[in-house]
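*Asks:* Dropping a structure here in structure tokens format, bear with me for questions.
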Amino acid sequence: MSEKAAVLVAGSWGTALASVLADKNMEVSLWTRNEAQQEEINALHRNERFLPGVALPGNLKATTDLEAAVSGTKAVVMVAPSSAVREVARSLKPYWREDMLVVHATKGFEIESLKRMSTVISEELGCEEGRIVVLSGPSHAEEVVKRSPTTVVVASLVEEQADLAQDLFMNSYFRVYTNRDMIGVELAGALKNIIALGAGMSDGLGYGDNAKAALLTRGLAEITRIGVEMGANPLTFAGLAGIGDLVVTATSRHSRNWRAGYMLGQGKPLPEVLSSMGMVVEGIRTTKAAHNISEKYKVQMPIAAQLHHVLFEGLDPRTAVEALMGRDRKTEMEVMSLETWEQWHS
Ligand SMILES: NC(=O)c1ccc[n+]([C@@H]2O[C@H](COP(=O)([O-])OP(=O)(O)OC[C@H]3O[C@@H](n4cnc5c(N)ncnc54)[C@H](O)[C@@H]3O)[C@@H](O)[C@H]2O)c1
Ligand SMILES: O=P(O)(O)OC[C@H](O)CO
């Protein structure tokens, strides 16, 4: 009998990851709260709202019954938006078993506590954080369901857990690397969405490639600076979860964060942008979280700060760009505090 895996929930990324597992001949249960969506996936092998025009594998079954979805599974893959991760983990708790591999693929923070997703999930399941694996990297759902070559990284505090996740997902078009730097991989995946919003905004304002390259490069410096203060390995930001995902999100027409930024740059108000998306734009909430993280760790995040002014305080995007261009002179290498630099070199 083939092995079972469960994926919670049936948005675009959850459906794409479920398809990857189904392509490995696993019996895959995709959990959704929505009965019409369950019907559509089971009867028509489609999830039109989130992945229009895509034919899903026949061994991918949807269910609204969480207990049935996870019963007898080798692994549970959690792919809710960051705002729903605690709630979904809490619902999973009664059915969770010690021998279940738990992988999450959410990119964001819990906004109230500023906690990473693996912390939130382990708190709700009542297990060590080392039991949780994060999957991240440059991976748009729309391309994964077309079986277009994609590389991702799985990270866990416990190496064996990351190895298990690598075995679970790796196939001919979905190449999976492991990494021990769980903190760095989670921070990189969450924070790149802010820079992708900024890149979209820059394009929407009509600025050119120089401006976008500047945003990506200085954005990476900013992400690395805060990441290292929060305990990440700086090299993680040069990997798939770092520069890899930053490039794909800030330059791809598939990116919801880039698209939202583009509309904002064209002058559309935030509520109108969000209602036209119909899918989660994590960078909006993450900008709010980054504002608080920057204050908590006393680390400057100038791009995130300007985005915060634009999104939540009504600042004109052009004025935000002027403020970034007019900052005090800097040395390029100021990506971490001297204290942290010395710690890394001791
Ligand atoms: N779409 C991608 O290509 C992609 C790739 C990598 C990572 N991610 C990340 O994956 C996460 C999910 O994104 P997505 O693109 O699948 O979002 P989406 O907007 O496509 O789908 C979100 C799904 O979550 C469901 N949902 C919302 N609140 C819920 C709750 N409380 N309980 C149960 N279900 C709930 C919605 O009904 C919807 O089905 C995000 O953190 C995103 O950054 C997305
Ligand atoms: O569509 P976005 O902007 O949420 O980005 C999706 C993924 O994070 C890309 O790796």
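By order in the structure tokens, chains are A, B, ...; within a chain, residues start at 1; ligands start at 1, following the order shown.
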So which residues touch His104 (chain A) within 7 Å, counting only C-alpha atoms, skipping near sequence neighbours fewer than 6 positions away, as a list of chain:residue names?
*Replies:*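 Close residues of His104 (chain A): A:Val77, A:Met78, A:Val79, A:Val133, A:Val134, A:Leu135.
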*Asks:* Export, as an mmCIF file, in the first residue's frame, the selected residues with C-alpha atoms.
*Replies:*
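Generated file (out-v3.cif):
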data_model
loop_
_atom_site.group_PDB
_atom_site.id
_atom_site.type_symbol
_atom_site.label_atom_id
_atom_site.label_comp_id
_atom_site.auth_asym_id
_atom_site.auth_seq_id
_atom_site.Cartn_x
_atom_site.Cartn_y
_atom_site.Cartn_z
ATOM 1 C CA VAL A 77 2.497 19.546 5.672
ATOM 2 C CA MET A 78 1.107 22.822 7.011
ATOM 3 C CA VAL A 79 0.629 25.578 4.438
ATOM 4 C CA VAL A 133 10.768 21.429 9.574
ATOM 5 C CA VAL A 134 10.392 24.535 7.394
ATOM 6 C CA LEU A 135 10.283 24.286 3.592
#
*Asks:* Write out as JSON, numbers by chain each polymer residue whose atoms come within 8 Å of region 5-19 of chain A, counting only C-alpha atoms; drop sequence neighbours fewer than 4 positions from it.
*Replies:* {"A": [23, 26, 27, 28, 29, 30, 31, 32, 47, 50, 51, 56, 57, 60, 69, 70, 73, 74, 75, 76, 77, 78, 79, 80, 88, 140, 141, 142, 144, 145]}
*Asks:* Output C-alpha atoms for every residue in the selection just made, as a PDB file, in the first residue's frame.
*Replies:*
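See result_22.pdb below for the written result:
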ATOM      1  CA  ASP A  23       3.537  12.661  -8.096  1.00  0.00           C
ATOM      2  CA  MET A  26       1.706   8.917  -2.181  1.00  0.00           C
ATOM      3  CA  GLU A  27      -1.893   8.865  -1.085  1.00  0.00           C
ATOM      4  CA  VAL A  28      -2.424  12.562  -0.405  1.00  0.00           C
ATOM      5  CA  SER A  29      -5.224  14.132   1.649  1.00  0.00           C
ATOM      6  CA  LEU A  30      -5.641  17.853   1.145  1.00  0.00           C
ATOM      7  CA  TRP A  31      -7.603  19.386   4.010  1.00  0.00           C
ATOM      8  CA  THR A  32      -9.918  22.327   3.354  1.00  0.00           C
ATOM      9  CA  ASN A  47      -8.778  23.980  -7.723  1.00  0.00           C
ATOM     10  CA  PHE A  50      -6.215  29.141  -6.580  1.00  0.00           C
ATOM     11  CA  LEU A  51      -4.674  27.355  -9.600  1.00  0.00           C
ATOM     12  CA  LEU A  56      -4.472  17.872 -10.380  1.00  0.00           C
ATOM     13  CA  PRO A  57      -3.229  14.278  -9.943  1.00  0.00           C
ATOM     14  CA  LEU A  60      -4.783  13.800  -4.547  1.00  0.00           C
ATOM     15  CA  ALA A  69      -6.982  13.671   6.604  1.00  0.00           C
ATOM     16  CA  VAL A  70      -4.184  13.036   9.084  1.00  0.00           C
ATOM     17  CA  THR A  73      -0.174   9.661   7.679  1.00  0.00           C
ATOM     18  CA  LYS A  74       3.590   9.602   7.661  1.00  0.00           C
ATOM     19  CA  ALA A  75       3.771  13.395   7.360  1.00  0.00           C
ATOM     20  CA  VAL A  76       1.665  16.513   7.781  1.00  0.00           C
ATOM     21  CA  VAL A  77       2.497  19.546   5.672  1.00  0.00           C
ATOM     22  CA  MET A  78       1.107  22.822   7.011  1.00  0.00           C
ATOM     23  CA  VAL A  79       0.629  25.578   4.438  1.00  0.00           C
ATOM     24  CA  ALA A  80      -1.820  28.040   5.980  1.00  0.00           C
ATOM     25  CA  VAL A  88      -4.668  25.279  12.231  1.00  0.00           C
ATOM     26  CA  HIS A 140       5.837  29.743  -7.201  1.00  0.00           C
ATOM     27  CA  ALA A 141       2.918  27.305  -6.992  1.00  0.00           C
ATOM     28  CA  GLU A 142       1.935  28.086 -10.609  1.00  0.00           C
ATOM     29  CA  VAL A 144       5.509  23.744  -9.497  1.00  0.00           C
ATOM     30  CA  VAL A 145       2.141  22.386 -10.696  1.00  0.00           C
TER      31      VAL A 145
END
*Asks:* Mind dumping a table of every region 209-291 of chain A residue within 9 Å of region 151-168 of chain A, with the nearest atom pair and its distance in Å to one decimal, using only C-alpha atoms, sorted by chain and rising number, as CSV?
*Replies:*
residue,atom,partner,partner_atom,distance
A:Gly239,CA,A:Val153,CA,8.8
A:Leu240,CA,A:Val152,CA,6.4
A:Ala241,CA,A:Val153,CA,6.7
*Asks:* Around ligand 2, at most 8 Å away and counting only C-alpha atoms and all ligand atoms, which residues are there? Put them as an MDAnalysis selection string, please.
*Replies:* chainID A and resid 107 136:141 189 193 196 245:246 248:250 254:259 280:283
*Asks:* Would you write out those residues with C-alpha atoms, as a PDB file, in the first residue's frame?
*Replies:*
ATOM      1  CA  LYS A 107       6.338  32.631   5.054  1.00  0.00           C
ATOM      2  CA  SER A 136      11.187  27.500   1.764  1.00  0.00           C
ATOM      3  CA  GLY A 137      12.947  28.861  -1.317  1.00  0.00           C
ATOM      4  CA  PRO A 138      12.145  30.200  -4.791  1.00  0.00           C
ATOM      5  CA  SER A 139       8.967  28.326  -5.646  1.00  0.00           C
ATOM      6  CA  HIS A 140       5.837  29.743  -7.201  1.00  0.00           C
ATOM      7  CA  ALA A 141       2.918  27.305  -6.992  1.00  0.00           C
ATOM      8  CA  GLY A 189      11.348  33.504   3.596  1.00  0.00           C
ATOM      9  CA  ASN A 193       8.154  39.582   0.827  1.00  0.00           C
ATOM     10  CA  ALA A 196       9.239  42.162  -3.226  1.00  0.00           C
ATOM     11  CA  ASP A 245      13.586  33.575  -3.080  1.00  0.00           C
ATOM     12  CA  LEU A 246      14.217  37.314  -3.090  1.00  0.00           C
ATOM     13  CA  VAL A 248      11.960  35.073  -7.722  1.00  0.00           C
ATOM     14  CA  THR A 249       9.502  37.057  -5.620  1.00  0.00           C
ATOM     15  CA  ALA A 250      10.738  40.508  -6.600  1.00  0.00           C
ATOM     16  CA  HIS A 254       3.462  35.213 -10.427  1.00  0.00           C
ATOM     17  CA  SER A 255       4.315  36.993  -7.187  1.00  0.00           C
ATOM     18  CA  ARG A 256       1.340  38.333  -5.279  1.00  0.00           C
ATOM     19  CA  ASN A 257       3.675  40.574  -3.263  1.00  0.00           C
ATOM     20  CA  TRP A 258       5.234  42.083  -6.396  1.00  0.00           C
ATOM     21  CA  ARG A 259       1.775  42.552  -7.967  1.00  0.00           C
ATOM     22  CA  VAL A 280      -2.756  36.149   0.737  1.00  0.00           C
ATOM     23  CA  VAL A 281      -0.153  38.940   0.369  1.00  0.00           C
ATOM     24  CA  GLU A 282       2.087  38.087   3.315  1.00  0.00           C
ATOM     25  CA  GLY A 283       4.388  41.094   2.843  1.00  0.00           C
TER      26      GLY A 283
END
*Asks:* Using only C-alpha atoms, find the one residue out of A:Leu215, A:Asn210, A:Asn233, A:Pro317 that sits nearest to Tyr262 (chain A).
*Replies:* A:Pro317
*Asks:* What parts of region 113-322 of chain A does DSSP call strand (DSSP E)? I'd like the answer as a ChimeraX atom specification.
*Replies:* /A:115-116,132-136,150-155,174-179
*Asks:* As a compact mmCIF listing (two decimals) with C-alpha atoms, in the first residue's frame, which residues of region 239-297 of chain A does DSSP assign to alpha helix (DSSP H)?
*Replies:*
# COMPACT_ATOMS: atom_id res chain seq x y z
CA ASP A 245 13.59 33.57 -3.08
CA LEU A 246 14.22 37.31 -3.09
CA VAL A 247 14.96 37.23 -6.82
CA VAL A 248 11.96 35.07 -7.72
CA THR A 249 9.50 37.06 -5.62
CA ALA A 250 10.74 40.51 -6.60
CA THR A 251 10.91 39.80 -10.33
CA ARG A 256 1.34 38.33 -5.28
CA ASN A 257 3.67 40.57 -3.26
CA TRP A 258 5.23 42.08 -6.40
CA ARG A 259 1.78 42.55 -7.97
CA ALA A 260 0.37 44.25 -4.87
CA GLY A 261 3.41 46.54 -4.75
CA TYR A 262 3.00 47.36 -8.45
CA MET A 263 -0.61 48.47 -7.94
CA LEU A 264 0.38 50.55 -4.91
CA GLY A 265 3.10 52.18 -6.99
CA LEU A 270 -4.25 49.44 -0.14
CA PRO A 271 -7.82 48.19 0.52
CA GLU A 272 -8.55 48.19 -3.22
CA VAL A 273 -5.29 46.35 -3.94
CA LEU A 274 -6.01 43.68 -1.33
CA SER A 275 -9.59 43.09 -2.44
CA SER A 276 -8.46 42.64 -6.04
CA MET A 277 -5.86 40.00 -5.09
CA GLU A 282 2.09 38.09 3.31
CA GLY A 283 4.39 41.09 2.84
CA ILE A 284 1.73 43.49 4.17
CA ARG A 285 1.53 41.86 7.61
CA THR A 286 5.24 41.14 7.57
CA THR A 287 6.00 44.85 7.08
CA LYS A 288 4.08 45.51 10.28
CA ALA A 289 5.94 42.72 12.07
CA ALA A 290 9.31 43.96 10.75
CA HIS A 291 8.59 47.45 12.07
CA ASN A 292 8.19 45.98 15.57
CA ILE A 293 11.10 43.54 15.18
CA SER A 294 13.37 46.40 14.10
CA GLU A 295 12.45 48.33 17.26
CA LYS A 296 12.74 45.26 19.50
CA TYR A 297 16.24 44.34 18.25
*Asks:* What is the atom 3 (O, counted along the ligand's line) of ligand 1-CA of Ser252 (chain A) distance in Å, reported with one decimal?
*Replies:*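 Taking atom 3 (O, counted along the ligand's line) of ligand 1 as the start and CA of Ser252 (chain A) as the end point, the length is 10.7 Å.
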*Asks:* Identify which of the residues A:Asp99, A:Glu110, A:Glu313, A:Glu124 lies closest to ligand 1, counting only C-alpha atoms and all ligand atoms when measuring atom-to-atom distances.
*Replies:*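 Of A:Asp99, A:Glu110, A:Glu313, A:Glu124, the one nearest ligand 1, counting only C-alpha atoms and all ligand atoms, is A:Glu110.
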*Asks:* For a quick check of understanding, using only C-alpha atoms, which of A:Ser82, A:Ile183, A:Ile111, A:Ser71 has the smallest distance to Glu129 (chain A)?
*Replies:* A:Ile183
*Asks:* So, with only C-alpha atoms and all ligand atoms as the atoms that count, which of A:Leu191, A:Leu216, A:Ala55, A:Ile132 lies closest to ligand 1?
*Replies:* A:Leu191
